[in-house]
Each structure stands twice: as C-alpha cells, then as structure tokens.
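With compact mmCIF, C-alpha atoms inside, this is query-v1.txt:
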```
# COMPACT_ATOMS: atom_id res chain seq x y z
CA MET A 1 42.78 167.86 62.14
CA ASN A 2 43.40 171.33 60.77
CA ALA A 3 47.17 171.27 60.65
CA ARG A 4 48.59 174.17 58.75
CA THR A 5 51.26 173.53 56.16
CA GLU A 6 53.31 176.74 56.17
CA PRO A 7 57.05 176.12 56.60
CA ALA A 8 58.50 176.27 60.06
CA PRO A 9 60.47 179.42 60.87
CA ALA A 10 64.17 179.26 61.58
CA GLY A 11 64.87 177.58 64.87
CA SER A 12 66.67 174.76 66.57
CA ASP A 13 64.96 172.17 64.37
CA ALA A 14 65.49 174.20 61.19
CA ILE A 15 69.19 175.03 61.45
CA ALA A 16 71.61 173.95 58.79
CA ARG A 17 73.00 170.48 59.27
CA PRO A 18 76.71 170.18 60.06
CA PRO A 19 78.77 169.12 57.00
CA LEU A 20 78.26 165.39 56.52
CA VAL A 21 81.86 164.51 55.66
CA ARG A 22 83.15 166.40 58.69
CA GLU A 23 80.71 164.63 60.96
CA LEU A 24 81.59 161.22 59.56
CA LEU A 25 85.29 161.88 60.07
CA LEU A 26 84.68 163.27 63.55
CA VAL A 27 82.57 160.35 64.73
CA ALA A 28 84.92 157.81 63.16
CA GLY A 29 87.89 159.56 64.75
CA LEU A 30 86.28 159.55 68.17
CA PHE A 31 85.53 155.84 67.79
CA LEU A 32 89.10 155.03 66.80
CA VAL A 33 90.51 157.06 69.70
CA TYR A 34 88.23 155.20 72.06
CA LYS A 35 89.17 151.78 70.67
CA PHE A 36 92.87 152.64 70.86
CA GLY A 37 92.48 154.05 74.36
CA ARG A 38 90.80 150.88 75.58
CA GLN A 39 93.79 148.90 74.39
CA LEU A 40 96.01 150.96 76.67
CA ALA A 41 94.17 149.47 79.64
CA THR A 42 94.88 145.85 78.70
CA GLY A 43 97.36 143.71 80.61
CA HIS A 44 96.18 144.67 84.11
CA THR A 45 94.72 141.26 84.87
CA GLY A 46 95.59 141.09 88.56
CA GLU A 47 94.33 144.61 89.22
CA ALA A 48 91.14 143.95 87.24
CA PHE A 49 90.27 140.88 89.31
CA HIS A 50 91.11 142.68 92.56
CA HIS A 51 88.69 145.45 91.61
CA ALA A 52 86.08 142.85 90.61
CA HIS A 53 86.13 141.33 94.09
CA ARG A 54 85.79 144.80 95.60
CA VAL A 55 82.83 145.68 93.38
CA TRP A 56 81.10 142.37 94.09
CA ASP A 57 81.59 142.75 97.85
CA PHE A 58 80.41 146.37 97.75
CA GLU A 59 77.23 145.45 95.91
CA ARG A 60 76.45 142.83 98.53
CA ALA A 61 77.25 145.26 101.35
CA VAL A 62 74.77 147.84 100.03
CA ARG A 63 72.24 145.09 99.27
CA LEU A 64 71.97 145.60 95.54
CA PRO A 65 69.94 142.83 93.86
CA GLY A 66 72.00 139.83 92.87
CA GLU A 67 72.91 139.68 89.19
CA GLY A 68 72.07 135.99 89.36
CA ALA A 69 68.38 136.79 89.78
CA VAL A 70 68.34 138.26 86.26
CA GLN A 71 70.50 135.53 84.78
CA SER A 72 68.26 132.80 86.15
CA LEU A 73 65.48 134.13 83.90
CA LEU A 74 67.69 133.57 80.86
CA LEU A 75 68.72 130.06 81.82
CA HIS A 76 65.25 128.53 81.66
CA GLY A 77 66.04 127.62 78.07
CA ASP A 78 68.86 127.88 75.57
CA GLY A 79 66.81 130.08 73.26
CA LEU A 80 66.38 133.04 75.61
CA ALA A 81 70.05 133.13 76.54
CA HIS A 82 70.97 133.00 72.85
CA VAL A 83 68.62 135.90 72.09
CA ALA A 84 70.14 137.95 74.93
CA ASN A 85 73.67 137.25 73.69
CA THR A 86 72.65 138.22 70.16
CA TYR A 87 71.13 141.46 71.44
CA TYR A 88 74.34 142.24 73.34
CA ALA A 89 76.48 141.54 70.28
CA THR A 90 74.44 143.23 67.55
CA VAL A 91 72.25 146.06 68.88
CA HIS A 92 74.71 148.35 70.69
CA PHE A 93 76.49 150.08 67.79
CA PRO A 94 73.71 149.97 65.14
CA ALA A 95 71.13 151.42 67.54
CA THR A 96 73.44 154.28 68.52
CA ALA A 97 74.32 154.94 64.88
CA ALA A 98 70.64 154.95 63.88
CA PHE A 99 69.90 157.38 66.70
CA LEU A 100 72.57 159.80 65.49
CA VAL A 101 71.57 159.47 61.83
CA TRP A 102 67.92 160.21 62.62
CA LEU A 103 68.85 163.27 64.66
CA TYR A 104 71.22 164.47 61.94
CA LEU A 105 68.49 164.25 59.31
CA ARG A 106 65.50 165.44 61.35
CA ARG A 107 66.83 167.39 64.37
CA PRO A 108 70.22 168.91 63.46
CA SER A 109 70.64 170.95 66.66
CA HIS A 110 69.71 167.97 68.79
CA TYR A 111 72.21 165.92 66.79
CA VAL A 112 75.04 168.27 67.74
CA TRP A 113 73.91 168.20 71.37
CA ALA A 114 73.66 164.40 71.44
CA ARG A 115 77.01 163.93 69.72
CA ARG A 116 78.68 166.15 72.30
CA ILE A 117 77.01 164.25 75.14
CA LEU A 118 78.09 160.89 73.76
CA ALA A 119 81.63 162.15 73.21
CA ALA A 120 81.83 163.45 76.79
CA LEU A 121 80.39 160.22 78.20
CA THR A 122 82.76 158.07 76.16
CA ALA A 123 85.80 160.16 77.11
CA ALA A 124 84.92 159.90 80.80
CA ALA A 125 84.41 156.15 80.41
CA LEU A 126 87.83 155.81 78.79
CA VAL A 127 89.49 157.59 81.69
CA LEU A 128 87.75 155.29 84.16
CA HIS A 129 88.72 152.22 82.13
CA LEU A 130 92.34 153.32 82.41
CA LEU A 131 92.18 154.11 86.12
CA PHE A 132 89.93 151.26 87.22
CA PRO A 133 90.34 148.10 85.11
CA LEU A 134 87.58 145.69 86.05
CA ALA A 135 86.96 142.04 85.20
CA PRO A 136 83.32 141.37 84.29
CA PRO A 137 81.23 139.09 86.51
CA ARG A 138 81.39 136.25 83.96
CA MET A 139 85.10 135.95 84.77
CA LEU A 140 84.76 136.07 88.55
CA ALA A 141 84.22 132.65 90.09
CA ALA A 142 82.84 134.18 93.30
CA THR A 143 79.73 135.38 91.46
CA GLY A 144 78.64 131.88 90.48
CA LEU A 145 77.41 133.32 87.17
CA VAL A 146 77.51 131.59 83.81
CA ASP A 147 79.32 133.05 80.81
CA THR A 148 76.21 132.77 78.64
CA ALA A 149 78.01 133.86 75.46
CA ARG A 150 80.56 131.05 75.79
CA VAL A 151 77.95 128.42 76.69
CA TYR A 152 75.03 129.39 74.45
CA GLY A 153 76.59 131.77 71.91
CA PRO A 154 77.10 133.97 70.09
CA SER A 155 80.14 135.58 71.68
CA VAL A 156 81.90 138.79 70.69
CA TYR A 157 84.94 138.02 72.83
CA GLY A 158 87.76 135.54 72.49
CA ASP A 159 90.02 134.09 75.12
CA PRO A 160 91.05 137.02 77.38
CA ALA A 161 94.64 135.80 77.31
CA THR A 162 94.87 136.07 73.53
CA ASP A 163 92.15 138.57 72.59
CA SER A 164 93.95 141.52 71.04
CA LEU A 165 90.85 143.14 69.51
CA SER A 166 89.06 144.19 72.70
CA ASN A 167 89.78 145.02 76.30
CA GLN A 168 87.65 142.67 78.36
CA PHE A 169 88.74 144.35 81.60
CA ALA A 170 86.84 147.56 80.83
CA ALA A 171 83.54 146.65 82.47
CA MET A 172 83.04 149.93 84.34
CA PRO A 173 81.21 151.96 83.24
CA SER A 174 78.94 150.09 80.84
CA LEU A 175 78.75 152.04 77.60
CA HIS A 176 76.19 149.53 76.37
CA PHE A 177 73.87 150.98 78.99
CA GLY A 178 75.15 154.56 78.87
CA TRP A 179 74.70 154.90 75.10
CA ALA A 180 71.29 153.20 75.20
CA LEU A 181 70.11 155.54 77.95
CA MET A 182 71.35 158.58 76.03
CA ALA A 183 69.57 157.41 72.87
CA ALA A 184 66.31 157.15 74.80
CA ILE A 185 66.76 160.53 76.47
CA GLY A 186 67.73 162.16 73.19
CA LEU A 187 64.65 160.85 71.39
CA ILE A 188 62.38 161.82 74.27
CA VAL A 189 63.77 165.37 74.24
CA ALA A 190 63.74 165.75 70.45
CA THR A 191 60.18 164.52 69.88
CA ARG A 192 56.75 165.38 71.24
CA SER A 193 54.78 162.18 70.79
CA ARG A 194 52.91 160.89 73.81
CA LEU A 195 54.49 157.50 73.12
CA ARG A 196 58.05 158.85 73.21
CA TRP A 197 58.58 157.53 76.75
CA LEU A 198 58.51 154.03 75.32
CA TRP A 199 62.07 154.69 74.15
CA LEU A 200 63.07 153.94 77.75
CA LEU A 201 62.40 150.28 76.96
CA HIS A 202 65.69 150.23 75.05
CA PRO A 203 67.98 151.04 78.01
CA THR A 204 65.79 148.89 80.28
CA LEU A 205 66.18 145.87 78.03
CA THR A 206 69.87 146.64 77.57
CA LEU A 207 70.35 146.73 81.34
CA LEU A 208 68.70 143.35 81.79
CA VAL A 209 70.79 141.90 78.97
CA ILE A 210 74.18 143.13 80.14
CA VAL A 211 73.50 141.94 83.68
CA GLY A 212 71.81 138.68 82.72
CA THR A 213 74.63 137.68 80.38
CA ALA A 214 77.16 138.42 83.17
CA ASN A 215 78.99 141.01 81.11
CA HIS A 216 78.39 143.78 83.66
CA TYR A 217 77.62 144.41 87.30
CA TRP A 218 74.73 146.60 88.39
CA LEU A 219 77.33 149.13 89.52
CA ASP A 220 78.68 149.42 85.96
CA ALA A 221 75.30 150.71 84.81
CA ILE A 222 74.89 152.98 87.84
CA VAL A 223 78.25 154.62 87.16
CA ALA A 224 77.39 155.01 83.47
CA ALA A 225 74.13 156.73 84.38
CA ALA A 226 75.96 159.04 86.80
CA LEU A 227 78.52 160.03 84.16
CA LEU A 228 75.73 160.63 81.66
CA GLY A 229 73.96 162.81 84.19
CA LEU A 230 77.10 164.92 84.59
CA ALA A 231 77.42 165.26 80.81
CA LEU A 232 73.77 166.26 80.48
CA ALA A 233 74.22 168.86 83.19
CA THR A 234 77.30 170.26 81.46
CA VAL A 235 76.29 170.37 77.80
CA PRO A 236 73.37 172.81 77.30
CA LEU A 237 70.19 171.56 75.71
CA PRO A 238 69.29 173.25 72.39
CA HIS A 239 66.34 175.64 72.56
CA ARG A 240 63.18 174.27 70.99
CA THR A 241 61.76 176.96 68.71
CA ALA A 242 60.18 174.89 65.98
CA THR A 243 56.50 175.57 65.36
CA THR A 244 53.57 173.23 65.59
CA ALA A 245 53.53 173.01 61.83
CA GLY A 246 57.14 171.85 61.77
CA ARG A 247 56.46 169.03 64.20
CA ALA A 248 53.19 168.12 62.52
CA ARG A 249 55.10 167.94 59.24
CA ASP A 250 57.29 165.24 60.78
CA GLY A 251 54.21 163.32 61.89
CA LEU A 252 55.14 163.50 65.54
CA VAL A 253 51.97 165.08 66.96
CA PRO A 254 48.74 166.64 65.68
CA ALA A 255 49.27 170.35 65.18
CA GLN A 256 46.35 171.59 67.23
CA ARG A 257 47.36 169.52 70.26
CA ASP A 258 50.97 170.63 70.37
CA GLU A 259 50.42 174.32 71.09
CA PRO A 260 48.89 173.79 74.58
CA SER A 261 51.60 171.32 75.46
CA LEU A 262 54.27 173.92 74.76
CA VAL A 263 52.45 176.48 76.86
CA GLY A 264 52.14 174.05 79.71
CA ALA A 265 55.78 173.10 79.45
CA GLY A 266 56.83 176.68 80.02
CA ARG A 267 55.01 177.08 83.31
```
Show this structure as structure tokens.
Amino acid sequence: MNARTEPAPAGSDAIARPPLVRELLLVAGLFLVYKFGRQLATGHTGEAFHHAHRVWDFERAVRLPGEGAVQSLLLHGDGLAHVANTYYATVHFPATAAFLVWLYLRRPSHYVWARRILAALTAAALVLHLLFPLAPPRMLAATGLVDTARVYGPSVYGDPATDSLSNQFAAMPSLHFGWALMAAIGLIVATRSRLRWLWLLHPTLTLLVIVGTANHYWLDAIVAAALLGLALATVPLPHRTATTAGRARDGLVPAQRDEPSLVGAGR
C-alpha cells in the first residue's frame, strides 16, 4: 500500500469534539429524565395486561412468527438460556456507552448526530411508555412462554408488585433493540470497512434474545425500528469530508481503495 500520511483537512471527522464535561452531564441528565419518566408509567397494571392481550392477538392475526419458536431454541439446555439472560442484563447499556465513546473520540460529528438520534428515539419511547403501558410476554399466561430470567437466571427485575427500581410495564417499544440497531447503523455510517455490515449482528442477536427470553414481543422491536427510522429521517446525517488519508490513519480501509468507493457512492 502507498497510503499517504499528510493530515486530513478540516471536515466532519476532524471537527472539534464537544466539551467532555458538558456531554457527560447531558447524557447523564437524559438518562435520569428517562428513568424518572418511566416511573411515571408504573401502577397501570390492568391497562398493561389489557394492551398485552391486544398485542398478542394482533400478532397472531397478522401471522407474525410465534415468540415461542425462538424461546424453544433457548430451552434445549439451561446454559443457553442463562447466556441469553446474561446478555439481556449486561450488554445493553455498556454496548451503547462504548458506541458513543468511540464516536466521541474518533468521529466527533457522527457522535453528535448519534447522540441526537438516541435522544429522539428515547424521548419518543418514553411518550409511548406513558400512553401505552404494556406487560411483557413473560407475564402473560396466554403466551405460554417461560420467564427464563426467573427460572434460569440472572434476572434484572424483581417482583412487579414490589419493584420500585424499574417499570416492567414499558415493553413497547424495545429500547434494547432500538439502541442496538442505532449502534449498528451509526458504526456502518461512520466507517468504511467492508466488514462494517457485521455490526448488524448486534441488533440481530439482541432481537433474538429479547424475544427468546420473553421480555418483548416482535411488535416491540418493530415499533422501535419505526421510531428509529423517523428519527433518522429527521436528524440530518453529517457530511463526510474526511480524506482517504484520514480514514487510512484510523486503520479502517487501505488508502488507495477508498477513493474509488467515494466516487461510486456519489453516483
């Protein structure tokens, strides 16, 4: 390779990073507002179960695949169900945080764009949680699904009647899936590697986990994807003006192969 080493000119990938302290306070504030807002939707048990029956019946009416087909794969052994529960409990927030940190350090303009998208998605989700409380399938006897977290562990939720730390009736939309899908899209947009499409494995695995563990319906993920699509259509994508040398410097693609790809992308 004959990659040049001159510095990249000013552009979307070379802009000054937003002040770190401000960003930390902003993200923490958004998280606290969301957590507090979710608590406002607690106590609507009857309404949440009524909506759950409606969602379950609607999925069957439109012939969506049964959630039980995914869960049956996890129930072949205790180990797989335990791994899925662990993934559900531990990957969601760290993966999203790592995504934002990487963008902040390596793609500042894409960081701002992604943060705005996630904020818009989360705000829309909060509104829907307030307007449409929904019991997850693990609580609905009609589904015939197993609460894998309770049976196989680990579980992030306590008894719904006494759990004051989380709102378990906020199943729709699934932010587990929405955030995972945004992380994949953000990394695909911000990088140029031919392997970048493999990031879609993260939301795919997340989807199978949230459905297989009976924490979400298929419709929860569909609604999350729709809300994310609206956010992506509303918040403009930053212009990519970084040079081949800038991307080669980050080790994303060979310099001489990136120029044609940019030309082709503009056709």
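Each of A:Arg194, A:Arg17, A:Arg107, A:His176 was checked against Ala125 (chain A) using only C-alpha atoms; the smallest atom-to-atom distance is that of A:His176.
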>> Just checking: using all atoms listed in the file, which residue out of A:Tyr87, A:Pro137, A:Leu232, A:Ala170 ends up closest to Glu67 (chain A)?
In response: A:Pro137
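CA of Val27 (chain A) sits 17.6 Å away from CA of Ala231 (chain A).
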Which residues, written as a short mmCIF file (atom, residue, chain, number, x, y, z; two decimals) with C-alpha atoms, in the coordinates of the input, have at least one atom at most 12 Å from region 150-156 of chain A, with all atoms listed in the file counted and residues fewer than 2 positions away on the same chain left out?
```
data_model
loop_
_atom_site.label_atom_id
_atom_site.label_comp_id
_atom_site.auth_asym_id
_atom_site.auth_seq_id
_atom_site.Cartn_x
_atom_site.Cartn_y
_atom_site.Cartn_z
CA LEU A 74 67.69 133.57 80.86
CA LEU A 75 68.72 130.06 81.82
CA GLY A 77 66.04 127.62 78.07
CA ASP A 78 68.86 127.88 75.57
CA GLY A 79 66.81 130.08 73.26
CA LEU A 80 66.38 133.04 75.61
CA ALA A 81 70.05 133.13 76.54
CA HIS A 82 70.97 133.00 72.85
CA VAL A 83 68.62 135.90 72.09
CA ALA A 84 70.14 137.95 74.93
CA ASN A 85 73.67 137.25 73.69
CA THR A 86 72.65 138.22 70.16
CA TYR A 87 71.13 141.46 71.44
CA TYR A 88 74.34 142.24 73.34
CA ALA A 89 76.48 141.54 70.28
CA THR A 90 74.44 143.23 67.55
CA HIS A 92 74.71 148.35 70.69
CA ARG A 138 81.39 136.25 83.96
CA MET A 139 85.10 135.95 84.77
CA LEU A 145 77.41 133.32 87.17
CA VAL A 146 77.51 131.59 83.81
CA ASP A 147 79.32 133.05 80.81
CA THR A 148 76.21 132.77 78.64
CA GLY A 158 87.76 135.54 72.49
CA ASP A 159 90.02 134.09 75.12
CA PRO A 160 91.05 137.02 77.38
CA ASP A 163 92.15 138.57 72.59
CA LEU A 165 90.85 143.14 69.51
CA SER A 166 89.06 144.19 72.70
CA ASN A 167 89.78 145.02 76.30
CA GLN A 168 87.65 142.67 78.36
CA THR A 213 74.63 137.68 80.38
CA ALA A 214 77.16 138.42 83.17
CA ASN A 215 78.99 141.01 81.11
#
```
>> Please report the interatomic distance between CA of Gly178 (chain A) and CA of Thr122 (chain A) in Å with one decimal.
In response: 8.8 Å
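Remark: for Leu128 (chain A), the closest of the candidate residues A:Leu73, A:Leu175, A:Ala95, A:Leu140 is A:Leu175 (distances computed over all atoms listed in the file).
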Hey, what's within 12 Å of Trp199 (chain A) if we count all atoms listed in the file and toss same-chain stuff fewer than 4 positions away? As a CSV table (one decimal) with C-alpha atoms, keeping the file's coordinate frame, please?
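Everything below was put into selection_11.csv:
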```
chain,number,residue,atom,x,y,z
A,95,ALA,CA,71.1,151.4,67.5
A,99,PHE,CA,69.9,157.4,66.7
A,180,ALA,CA,71.3,153.2,75.2
A,181,LEU,CA,70.1,155.5,78.0
A,182,MET,CA,71.4,158.6,76.0
A,183,ALA,CA,69.6,157.4,72.9
A,184,ALA,CA,66.3,157.2,74.8
A,185,ILE,CA,66.8,160.5,76.5
A,186,GLY,CA,67.7,162.2,73.2
A,187,LEU,CA,64.6,160.8,71.4
A,188,ILE,CA,62.4,161.8,74.3
A,189,VAL,CA,63.8,165.4,74.2
A,190,ALA,CA,63.7,165.8,70.4
A,191,THR,CA,60.2,164.5,69.9
A,193,SER,CA,54.8,162.2,70.8
A,194,ARG,CA,52.9,160.9,73.8
A,195,LEU,CA,54.5,157.5,73.1
A,203,PRO,CA,68.0,151.0,78.0
A,204,THR,CA,65.8,148.9,80.3
A,205,LEU,CA,66.2,145.9,78.0
A,206,THR,CA,69.9,146.6,77.6
```
> Could you name the residues that touch Ala221 (chain A) at 8 Å or less, counting all atoms listed in the file, but leaving out those on the same chain fewer than 3 positions away, as a list in words?
Replying inline: Met172, Pro173, Ser174, Phe177, Gly178, Leu207, His216, Tyr217, Trp218, Ala224 and Ala225 of chain A
> Please, what distance in Å, to one decimal, runs between CA of Gly229 (chain A) and CA of Leu121 (chain A)?
Replying inline: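 Computing the Euclidean distance for CA of Gly229 (chain A) and CA of Leu121 (chain A) yields 9.2 Å.
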>> Set the distance at 8 Å and use all atoms listed in the file: which residues neighbour region 58-65 of chain A once local chain neighbours fewer than 3 positions away are removed? I'd like the list as a PyMOL selection string.
In response: chain A and resi 54-55+69+218-219
